[in-house]
$ cat target-v5.csv   # CSV, C-alpha atoms
chain,number,residue,atom,x,y,z
A,1,MET,CA,-38.1,11.6,-44.0
A,2,ASN,CA,-40.4,8.7,-44.6
A,3,ILE,CA,-38.9,8.1,-48.0
A,4,SER,CA,-35.4,8.1,-46.6
A,5,LEU,CA,-36.5,5.6,-43.9
A,6,SER,CA,-38.1,3.4,-46.5
A,7,LYS,CA,-34.9,3.3,-48.5
A,8,ALA,CA,-32.9,2.5,-45.4
A,9,LYS,CA,-35.2,-0.4,-44.7
A,10,ARG,CA,-35.0,-1.7,-48.3
A,11,ASN,CA,-31.2,-1.6,-48.0
A,12,VAL,CA,-31.3,-3.6,-44.8
A,13,PHE,CA,-33.6,-6.2,-46.3
A,14,ARG,CA,-31.4,-6.4,-49.4
A,15,SER,CA,-28.3,-7.0,-47.3
A,16,VAL,CA,-30.1,-9.6,-45.2
A,17,ALA,CA,-31.3,-11.4,-48.4
A,18,ILE,CA,-27.8,-11.4,-49.9
A,19,LEU,CA,-26.4,-12.8,-46.7
A,20,LEU,CA,-29.0,-15.6,-46.6
A,21,VAL,CA,-28.4,-16.5,-50.2
A,22,SER,CA,-24.6,-16.5,-49.6
A,23,LEU,CA,-25.1,-18.8,-46.5
A,24,CYS,CA,-27.4,-21.1,-48.5
A,25,CYS,CA,-24.9,-21.3,-51.4
A,26,ALA,CA,-22.0,-22.0,-49.0
A,27,GLN,CA,-24.0,-24.8,-47.3
A,28,TRP,CA,-25.0,-26.3,-50.6
A,29,THR,CA,-21.4,-26.1,-51.8
A,30,LEU,CA,-20.2,-27.8,-48.6
A,31,ALA,CA,-22.8,-30.5,-48.9
A,32,ALA,CA,-22.0,-31.1,-52.6
A,33,SER,CA,-18.3,-31.3,-51.8
A,34,GLU,CA,-18.9,-33.7,-48.9
A,35,LYS,CA,-21.0,-36.0,-51.1
A,36,GLU,CA,-18.6,-36.0,-54.0
A,37,ILE,CA,-15.5,-36.4,-51.8
A,38,LEU,CA,-16.8,-39.3,-49.7
A,39,GLY,CA,-18.3,-41.0,-52.8
A,40,ASN,CA,-14.9,-40.9,-54.6
A,41,LEU,CA,-13.0,-42.1,-51.6
A,42,ALA,CA,-15.4,-44.9,-50.9
A,43,ALA,CA,-15.4,-46.0,-54.6
A,44,ALA,CA,-11.6,-46.2,-54.6
A,45,ARG,CA,-11.3,-47.9,-51.2
A,46,PRO,CA,-14.5,-49.5,-50.1
A,47,ASP,CA,-12.6,-51.4,-47.4
A,48,LEU,CA,-12.0,-48.1,-45.4
A,49,ASN,CA,-14.4,-46.0,-43.4
A,50,PHE,CA,-14.2,-42.2,-44.1
A,51,GLU,CA,-15.6,-39.4,-41.9
A,52,PHE,CA,-16.0,-35.9,-43.4
A,53,VAL,CA,-14.5,-33.4,-40.9
A,54,GLY,CA,-15.1,-30.1,-42.8
A,55,GLU,CA,-13.1,-27.4,-44.5
A,56,ALA,CA,-9.4,-27.5,-44.1
A,57,ALA,CA,-7.2,-24.5,-43.3
A,58,LEU,CA,-5.8,-24.8,-46.8
A,59,PRO,CA,-8.2,-23.1,-49.3
A,60,GLY,CA,-9.9,-25.5,-51.7
A,61,PHE,CA,-9.3,-28.6,-49.5
A,62,PHE,CA,-11.4,-30.5,-47.0
A,63,ALA,CA,-10.4,-32.7,-44.1
A,64,VAL,CA,-11.5,-36.3,-44.0
A,65,GLN,CA,-10.6,-38.7,-41.2
A,66,VAL,CA,-9.9,-42.4,-42.1
A,67,LYS,CA,-11.3,-44.4,-39.2
A,68,GLY,CA,-8.3,-46.0,-37.4
A,69,GLY,CA,-6.0,-44.2,-39.9
A,70,PRO,CA,-4.6,-40.8,-41.0
A,71,LEU,CA,-6.3,-37.5,-41.6
A,72,LEU,CA,-6.6,-36.7,-45.3
A,73,TYR,CA,-6.7,-33.3,-47.0
A,74,VAL,CA,-8.9,-33.8,-50.1
A,75,SER,CA,-9.5,-31.4,-53.0
A,76,ALA,CA,-13.0,-30.0,-53.4
A,77,ASP,CA,-13.6,-32.1,-56.5
A,78,GLY,CA,-12.6,-35.3,-54.7
A,79,GLY,CA,-9.9,-36.0,-57.3
A,80,HIS,CA,-6.7,-35.6,-55.2
A,81,PHE,CA,-5.6,-35.8,-51.6
A,82,PHE,CA,-2.5,-35.7,-49.4
A,83,ASP,CA,-1.9,-36.8,-45.9
A,84,GLY,CA,0.6,-35.7,-43.3
A,85,ASN,CA,1.0,-32.5,-41.3
A,86,LEU,CA,-0.3,-29.2,-42.5
A,87,TYR,CA,1.6,-26.2,-41.1
A,88,GLN,CA,0.5,-22.6,-40.8
A,89,ILE,CA,3.4,-20.1,-41.3
A,90,THR,CA,3.3,-17.3,-38.7
A,91,ARG,CA,5.9,-14.5,-38.2
A,92,SER,CA,7.6,-16.4,-35.4
A,93,GLN,CA,7.1,-20.1,-36.1
A,94,PHE,CA,5.5,-23.0,-38.0
A,95,VAL,CA,2.3,-24.1,-36.4
A,96,ASP,CA,0.9,-27.7,-36.9
A,97,VAL,CA,-2.7,-26.9,-37.8
A,98,ARG,CA,-4.1,-30.3,-36.9
A,99,GLU,CA,-2.2,-30.4,-33.6
A,100,LEU,CA,-3.6,-27.0,-32.7
A,101,ALA,CA,-7.2,-28.2,-33.4
A,102,LEU,CA,-6.6,-31.5,-31.6
A,103,ASN,CA,-5.6,-29.6,-28.4
A,104,ASP,CA,-9.2,-28.4,-28.0
A,105,THR,CA,-10.6,-31.8,-28.9
A,106,ARG,CA,-8.3,-33.7,-26.4
A,107,ARG,CA,-9.1,-31.2,-23.7
A,108,ASP,CA,-12.9,-31.6,-24.1
A,109,ILE,CA,-12.7,-35.4,-24.3
A,110,PHE,CA,-10.7,-35.8,-21.2
A,111,ALA,CA,-12.7,-33.2,-19.3
A,112,ALA,CA,-15.9,-35.2,-19.9
A,113,ARG,CA,-14.4,-38.7,-19.8
A,114,GLY,CA,-14.8,-40.9,-16.7
A,115,THR,CA,-12.1,-43.2,-15.4
A,116,ASP,CA,-14.1,-46.5,-15.1
A,117,ASP,CA,-12.4,-48.1,-18.1
A,118,LEU,CA,-8.9,-46.7,-17.3
A,119,ILE,CA,-6.2,-48.1,-15.0
A,120,VAL,CA,-5.4,-45.3,-12.6
A,121,PHE,CA,-2.5,-44.9,-10.2
A,122,LYS,CA,-3.6,-42.2,-7.6
A,123,PRO,CA,-1.4,-40.3,-5.2
A,124,ALA,CA,-1.8,-41.2,-1.5
A,125,GLY,CA,-2.4,-37.5,-0.7
A,126,GLN,CA,-3.7,-34.6,-2.7
A,127,THR,CA,-3.9,-34.9,-6.5
A,128,LYS,CA,-2.2,-31.8,-7.9
A,129,ALA,CA,-2.1,-32.8,-11.6
A,130,ILE,CA,-3.3,-35.5,-13.9
A,131,ILE,CA,-1.7,-37.1,-16.9
A,132,ASN,CA,-3.5,-39.5,-19.3
A,133,VAL,CA,-1.0,-41.9,-20.8
A,134,PHE,CA,-1.6,-44.1,-23.9
A,135,THR,CA,0.7,-47.1,-23.1
A,136,ASP,CA,1.9,-50.4,-24.6
A,137,VAL,CA,3.4,-53.2,-22.5
A,138,ASP,CA,6.0,-54.1,-25.1
A,139,CYS,CA,7.4,-50.5,-25.2
A,140,GLY,CA,10.7,-50.0,-23.4
A,141,TYR,CA,10.1,-46.3,-22.7
A,142,CYS,CA,6.6,-47.2,-21.4
A,143,ARG,CA,8.2,-49.5,-18.9
A,144,LYS,CA,10.7,-46.8,-18.0
A,145,LEU,CA,7.9,-44.3,-17.4
A,146,HIS,CA,5.9,-46.9,-15.4
A,147,ASN,CA,8.8,-47.5,-13.1
A,148,GLU,CA,8.6,-43.8,-12.2
A,149,VAL,CA,4.9,-43.9,-11.4
A,150,PRO,CA,5.6,-44.1,-7.6
A,151,GLN,CA,7.7,-41.0,-8.0
A,152,LEU,CA,5.0,-39.2,-10.0
A,153,ASN,CA,2.4,-40.1,-7.3
A,154,ALA,CA,4.7,-38.8,-4.6
A,155,MET,CA,4.7,-35.4,-6.4
A,156,GLY,CA,0.9,-35.4,-6.5
A,157,ILE,CA,0.5,-36.5,-10.1
A,158,GLU,CA,-2.3,-39.0,-10.9
A,159,VAL,CA,-1.5,-41.4,-13.8
A,160,ARG,CA,-4.4,-42.5,-15.9
A,161,TYR,CA,-3.5,-45.3,-18.3
A,162,LEU,CA,-5.3,-46.0,-21.7
A,163,ALA,CA,-4.2,-49.0,-23.8
A,164,PHE,CA,-2.5,-48.5,-27.1
A,165,PRO,CA,-0.9,-51.7,-28.4
A,166,ARG,CA,1.3,-50.5,-31.2
A,167,ALA,CA,1.1,-53.8,-33.0
A,168,GLY,CA,-2.6,-53.3,-33.3
A,169,VAL,CA,-5.8,-55.0,-32.1
A,170,GLY,CA,-5.5,-58.8,-32.2
A,171,SER,CA,-1.7,-58.8,-31.8
A,172,ASP,CA,0.3,-60.4,-29.0
A,173,SER,CA,0.7,-57.0,-27.5
A,174,TYR,CA,-3.1,-56.6,-27.5
A,175,ASP,CA,-3.5,-59.9,-25.7
A,176,LYS,CA,-1.0,-58.9,-23.0
A,177,ILE,CA,-2.4,-55.5,-22.3
A,178,ALA,CA,-6.0,-56.7,-22.5
A,179,THR,CA,-5.1,-59.2,-19.8
A,180,ALA,CA,-4.4,-56.3,-17.4
A,181,TRP,CA,-7.7,-54.6,-18.2
A,182,CYS,CA,-9.5,-57.9,-17.7
A,183,SER,CA,-7.8,-58.7,-14.4
A,184,ASP,CA,-9.5,-58.4,-11.0
A,185,THR,CA,-6.4,-56.5,-9.9
A,186,PRO,CA,-5.5,-54.4,-13.0
A,187,ASN,CA,-2.9,-52.1,-11.4
A,188,GLU,CA,-0.9,-55.0,-10.1
A,189,THR,CA,-1.3,-57.1,-13.3
A,190,LEU,CA,-0.2,-54.2,-15.5
A,191,THR,CA,2.9,-53.7,-13.4
A,192,GLU,CA,3.7,-57.4,-13.5
A,193,ILE,CA,3.3,-57.6,-17.3
A,194,LYS,CA,5.4,-54.5,-17.9
A,195,ASN,CA,8.1,-55.9,-15.7
A,196,GLY,CA,8.0,-59.2,-17.5
A,197,LYS,CA,6.8,-61.2,-14.4
A,198,ARG,CA,3.7,-62.5,-16.1
A,199,THR,CA,3.6,-64.3,-19.4
A,200,SER,CA,0.1,-65.9,-19.5
A,201,THR,CA,-2.8,-64.0,-21.1
A,202,SER,CA,-6.5,-64.0,-20.4
A,203,VAL,CA,-8.6,-61.7,-22.7
A,204,CYS,CA,-12.2,-61.0,-21.8
A,205,GLU,CA,-14.8,-60.0,-24.5
A,206,ASP,CA,-15.8,-56.6,-23.0
A,207,ASN,CA,-12.3,-55.1,-22.6
A,208,PRO,CA,-11.9,-51.5,-23.8
A,209,VAL,CA,-8.5,-51.9,-25.5
A,210,ALA,CA,-9.8,-51.6,-29.1
A,211,GLU,CA,-11.8,-48.5,-28.1
A,212,HIS,CA,-8.8,-46.9,-26.4
A,213,HIS,CA,-6.6,-47.7,-29.5
A,214,SER,CA,-9.2,-46.1,-31.8
A,215,LEU,CA,-9.5,-43.0,-29.6
A,216,GLY,CA,-5.7,-42.6,-29.5
A,217,VAL,CA,-5.5,-42.7,-33.3
A,218,SER,CA,-8.2,-40.1,-33.6
A,219,LEU,CA,-6.4,-37.8,-31.1
A,220,GLY,CA,-3.1,-38.0,-33.0
A,221,VAL,CA,-1.3,-40.7,-31.1
A,222,THR,CA,1.2,-42.5,-33.3
A,223,GLY,CA,3.5,-44.0,-30.7
A,224,THR,CA,3.9,-44.7,-27.0
A,225,PRO,CA,4.1,-43.5,-24.4
A,226,ALA,CA,1.8,-40.6,-25.4
A,227,ILE,CA,1.1,-38.3,-22.5
A,228,ILE,CA,-2.0,-36.0,-22.7
A,229,LEU,CA,-2.5,-33.3,-20.2
A,230,MET,CA,-5.9,-32.1,-19.0
A,231,ASP,CA,-5.5,-28.9,-21.1
A,232,GLY,CA,-5.2,-31.1,-24.2
A,233,THR,CA,-1.5,-30.7,-24.7
A,234,MET,CA,0.2,-33.9,-25.9
A,235,ILE,CA,3.7,-34.9,-25.0
A,236,PRO,CA,4.9,-37.6,-27.4
A,237,GLY,CA,7.4,-40.0,-25.9
A,238,TYR,CA,9.0,-40.5,-22.6
A,239,LYS,CA,9.8,-37.7,-20.1
A,240,PRO,CA,11.5,-38.3,-16.8
A,241,ALA,CA,9.3,-37.8,-13.7
A,242,ALA,CA,11.2,-34.6,-12.7
A,243,ALA,CA,10.8,-33.1,-16.1
A,244,LEU,CA,7.1,-33.9,-16.1
A,245,ALA,CA,6.7,-32.3,-12.7
A,246,GLU,CA,8.5,-29.2,-13.9
A,247,PHE,CA,6.3,-29.0,-17.0
A,248,LEU,CA,3.2,-29.2,-14.8
A,249,GLY,CA,4.5,-26.5,-12.5
A,250,LEU,CA,5.2,-28.9,-9.6
A,251,SER,CA,8.3,-29.4,-7.5
A,252,SER,CA,10.1,-32.7,-8.0
A,253,ILE,CA,11.1,-35.0,-5.1
A,254,ASN,CA,14.4,-36.7,-5.2
$ encode --input "target-v5.csv" --output "structure tokens"
Amino acid sequence: MNISLSKAKRNVFRSVAILLVSLCCAQWTLAASEKEILGNLAAARPDLNFEFVGEAALPGFFAVQVKGGPLLYVSADGGHFFDGNLYQITRSQFVDVRELALNDTRRDIFAARGTDDLIVFKPAGQTKAIINVFTDVDCGYCRKLHNEVPQLNAMGIEVRYLAFPRAGVGSDSYDKIATAWCSDTPNETLTEIKNGKRTSTSVCEDNPVAEHHSLGVSLGVTGTPAIILMDGTMIPGYKPAAALAEFLGLSSIN
């Protein structure tokens, strides 16, 4: 009996040891791949900033985020990469792997994020739903959506704006939208600029537009308007107020 128990213990210790060695090897391999991949990328493009994300869903590849740019899928030896969408093939559909992961990231970010640096249009009564909108003042569909903000508010939908000048930081679009964020009356100024009623610009140094733009890129925003719900779902492009309300499970008001 004692001999049997001793063998059992030895088998447990052996299994634990093998597991620990496997974990250590895996961590070492991951660290080695990270170092080699980032080293190769930086050597080829020292003007870019690369952030190692981790193993990709595609075996033998790792995900690397270019700051302010696309997500790259890089081979373990750091010799090759591709960008674009990676899809998982299921029995019923193709699933965008990055979009699936970004849903959780977006949900967590907006659950923890305050509204101090956002331009918010609140309903007069109870807030029944919230949409976070990356917007650009020179975008026609952004203006169309903005004209429907009163309708959205009337249905209990709070609209939280983040700035996303499509032409990039330092562009004319950046100056225009930064003017709204720098204004003492940001809601009114944003509306005036979107409606073409204000042409002068005034950019303050501590505006959050560049940070918003960088955040949008990291969350998969490529165009405007980009509507992100509090559950992390992103709706790219314009949707009429009634369609948004229906999507959110609310009744529309004519």
$ closest_residue --input "target-v5.csv" --among "A:Met234, A:Leu190, A:Val137, A:Ala210" --to "Gly170 (chain A)" --atoms "only C-alpha atoms"
A:Ala210
$ residues_around --input "target-v5.csv" --residues "Leu72 (chain A)" --least-positions-apart "4" --cutoff "8 Å" --atoms "only C-alpha atoms" --output "list in words"
Ala63, Val64, Gln65, Val66, Phe81, Phe82, Asp83 and Gly84 of chain A
$ residues_around --input "target-v5.csv" --residues "Asp175 (chain A)" --least-positions-apart "3" --cutoff "12 Å" --atoms "only C-alpha atoms" --output "MDAnalysis selection string"
chainID A and resid 136:138 163:172 178:182 193 199:205 207 209:210
$ atom_distance --input "target-v5.csv" --atom1 "CA of Arg160 (chain A)" --atom2 "CA of Gly69 (chain A)"
24.1 Å
$ atom_distance --input "target-v5.csv" --atom1 "CA of Glu34 (chain A)" --atom2 "CA of Thr105 (chain A)"
21.7 Å
$ closest_residue --input "target-v5.csv" --among "A:Ser218, A:Ala129, A:Asp184, A:Met155" --to "Glu51 (chain A)" --atoms "only C-alpha atoms"
A:Ser218
$ residues_near_point --input "target-v5.csv" --point "(-0.8, -37.4, -22.8)" --cutoff "6 Å" --atoms "only C-alpha atoms" --output "list of chain:residue names"
A:Ile131, A:Asn132, A:Val133, A:Ala226, A:Ile227, A:Ile228, A:Leu229, A:Met234, A:Ile235
$ write_last_selection --input "target-v5.csv" --atoms "C-alpha atoms" --output "compact mmCIF listing (two decimals), keeping the file's coordinate frame"
# COMPACT_ATOMS: atom_id res chain seq x y z
CA ILE A 131 -1.70 -37.10 -16.90
CA ASN A 132 -3.50 -39.50 -19.30
CA VAL A 133 -1.00 -41.90 -20.80
CA ALA A 226 1.80 -40.60 -25.40
CA ILE A 227 1.10 -38.30 -22.50
CA ILE A 228 -2.00 -36.00 -22.70
CA LEU A 229 -2.50 -33.30 -20.20
CA MET A 234 0.20 -33.90 -25.90
CA ILE A 235 3.70 -34.90 -25.00
$ closest_residue --input "target-v5.csv" --among "A:Val217, A:Ser92, A:Phe247, A:Leu162" --to "Gly114 (chain A)" --atoms "all atoms listed in the file"
A:Leu162
$ atom_distance --input "target-v5.csv" --atom1 "CA of Arg113 (chain A)" --atom2 "CA of Glu188 (chain A)"
23.3 Å
$ closest_residue --input "target-v5.csv" --among "A:Tyr174, A:Phe94, A:Phe134, A:Phe121" --to "Pro150 (chain A)" --atoms "all atoms listed in the file"
A:Phe121
$ closest_residue --input "target-v5.csv" --among "A:Asn103, A:Asn187, A:Gln151, A:Asn85" --to "Leu118 (chain A)" --atoms "only C-alpha atoms"
A:Asn187
$ residues_near_point --input "target-v5.csv" --point "(3.8, -39.2, -29.3)" --cutoff "7 Å" --atoms "all atoms listed in the file" --output "list in words"
Val221, Thr222, Gly223, Thr224, Pro225, Ala226, Ile235, Pro236 and Gly237 of chain A
$ closest_residue --input "target-v5.csv" --among "A:Ile119, A:Ala44, A:Leu38, A:Ile130" --to "Leu152 (chain A)" --atoms "all atoms listed in the file"
A:Ile130
